[in-house]
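Asker: Dropping the structure in here first, questions after.
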Amino acid sequence: MENENRVILRTYKSVWKIPRKIYSIDSIKLFVPVDVDQAMYFVASLCITYLLLKILPFLSYLPFVFKYAAIPYGLMKFFTKQKLDGKLPHKFFLDYMAFLMSPGKLVRFKAVDGYKIKNVCFSTPIIFRDLLIVNKTEAALNHKTKKQKGKKGGRRIV
């Protein structure tokens with residue numbers, strides 16, 4: 001028998017997590033396979049970098065390699081590897097923007113303009129729990145035991 005390279009699957013969860021990779025573009029073979037997500041983040045960050053260079057003139061003094069390779073690559077690595085609050089950064093920033101745009105106070109998931117505390121009057125007396133600290137060792141030593149017959153003939157300590 002030949003030694004076959006087999007992967008033992010303990011669960012079916014890993015079956016659906018097939019890594020999507022790009023191995024070549026047309027007939028040009030890439031040196032390293034690239035994830036589809038990384039390629040999309042790189043293209044998106046390249047577009048954002050290009051727009052920022054058009055809007056902000058002082059960034060035009062940066063070298064070409066830094067503008068169009070280093071910054072998009074760094075953004076791509078940040079967005080694919082880093083997790084903020086347990087989420088991917090783009091989802092975290094979307095949720096954070098939704099939080100900033102939401103009204104300050106919500107009651108039953110509806111916005112409240114003026115939140116005022118009204119005077120509250122109870123119609124019945126209010127009873128609070130009372131805390132009593134008991135030392136069980138002293139209580140057991142000071143407590144007298146009584147022997148009583150139960151239904152099954154056992155002893156009860158009262």
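Residue names in the structure tokens use chain letters A, B, ... in the order shown, residue numbers from 1 in each chain, and ligand numbers from 1 in the order shown.
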Tell me, as a list in words, which residues lie within 9 Å of segment 70-85 of chain A, counting only C-alpha atoms; anything in the same chain fewer than 6 positions away does not count.

Answerer: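 So, after excluding close chain neighbours, the residues are Asp37, Gln38, Ala39, Met40, Tyr41, Phe42, Val43, Ala44, Ser45, Leu46, Cys47, Ile48, Thr49 and Phe92 of chain A.
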
Asker: Using only N, CA and C atoms, please write the residues we just selected to a file, as an mmCIF file, in the first residue's frame.

Answerer:
data_model
loop_
_atom_site.group_PDB
_atom_site.id
_atom_site.type_symbol
_atom_site.label_atom_id
_atom_site.label_comp_id
_atom_site.auth_asym_id
_atom_site.auth_seq_id
_atom_site.Cartn_x
_atom_site.Cartn_y
_atom_site.Cartn_z
ATOM 1 N N ASP A 37 -10.144 37.508 -0.844
ATOM 2 C CA ASP A 37 -10.443 38.619 0.068
ATOM 3 C C ASP A 37 -9.291 39.620 0.109
ATOM 4 N N GLN A 38 -8.063 39.111 0.155
ATOM 5 C CA GLN A 38 -6.909 40.007 0.181
ATOM 6 C C GLN A 38 -6.811 40.807 -1.106
ATOM 7 N N ALA A 39 -7.102 40.180 -2.234
ATOM 8 C CA ALA A 39 -7.050 40.900 -3.509
ATOM 9 C C ALA A 39 -8.111 41.994 -3.554
ATOM 10 N N MET A 40 -9.315 41.696 -3.057
ATOM 11 C CA MET A 40 -10.377 42.715 -3.054
ATOM 12 C C MET A 40 -10.021 43.873 -2.123
ATOM 13 N N TYR A 41 -9.487 43.560 -0.941
ATOM 14 C CA TYR A 41 -9.086 44.626 -0.021
ATOM 15 C C TYR A 41 -7.950 45.460 -0.606
ATOM 16 N N PHE A 42 -7.028 44.828 -1.306
ATOM 17 C CA PHE A 42 -5.928 45.572 -1.916
ATOM 18 C C PHE A 42 -6.454 46.529 -2.982
ATOM 19 N N VAL A 43 -7.363 46.065 -3.831
ATOM 20 C CA VAL A 43 -7.925 46.928 -4.882
ATOM 21 C C VAL A 43 -8.740 48.060 -4.258
ATOM 22 N N ALA A 44 -9.533 47.761 -3.228
ATOM 23 C CA ALA A 44 -10.323 48.804 -2.569
ATOM 24 C C ALA A 44 -9.417 49.835 -1.895
ATOM 25 N N SER A 45 -8.373 49.387 -1.212
ATOM 26 C CA SER A 45 -7.466 50.340 -0.560
ATOM 27 C C SER A 45 -6.648 51.114 -1.583
ATOM 28 N N LEU A 46 -6.371 50.520 -2.739
ATOM 29 C CA LEU A 46 -5.698 51.242 -3.820
ATOM 30 C C LEU A 46 -6.589 52.364 -4.345
ATOM 31 N N CYS A 47 -7.881 52.091 -4.494
ATOM 32 C CA CYS A 47 -8.829 53.131 -4.933
ATOM 33 C C CYS A 47 -8.946 54.241 -3.892
ATOM 34 N N ILE A 48 -9.004 53.869 -2.621
ATOM 35 C CA ILE A 48 -9.096 54.875 -1.552
ATOM 36 C C ILE A 48 -7.833 55.727 -1.520
ATOM 37 N N THR A 49 -6.681 55.099 -1.676
ATOM 38 C CA THR A 49 -5.416 55.840 -1.707
ATOM 39 C C THR A 49 -5.388 56.805 -2.885
ATOM 40 N N PHE A 92 -16.595 46.440 12.051
ATOM 41 C CA PHE A 92 -16.524 47.227 13.276
ATOM 42 C C PHE A 92 -16.779 48.704 12.985
#

Asker: Quote the spacing between atom CA of Tyr68 of chain A and atom CA of Tyr50 of chain A in Å to one decimal place.

Answerer: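 Computed distance, atom CA of Tyr68 of chain A to atom CA of Tyr50 of chain A, equals 8.0 Å.
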
Asker: For Arg20 of chain A, work out the shell of residues within 12 Å, counting only C-alpha atoms and skipping chain neighbours fewer than 2 positions away, then give it as a PyMOL selection string.

Answerer: chain A and resi 16-18+22-23+33-39

Asker: Could you check how far atom CA of Lys87 of chain A sits from atom CA of Leu100 of chain A, in Å to one decimal?

Answerer: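 Computing the Euclidean distance for atom CA of Lys87 of chain A and atom CA of Leu100 of chain A yields 17.5 Å.
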
Asker: Give the alpha helix (DSSP H) residues of segment 22-139 of chain A, as DSSP finds them on the backbone, and put them as a VMD selection string.

Answerer: chain A and resid 36 to 55 64 to 65 71 to 81 89 to 101 136 to 139

Asker: One number please: atom CA of Asn5 of chain A to atom CA of Pro19 of chain A, in Å, one decimal.

Answerer: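 So the two atoms, atom CA of Asn5 of chain A and atom CA of Pro19 of chain A, lie 18.4 Å apart.
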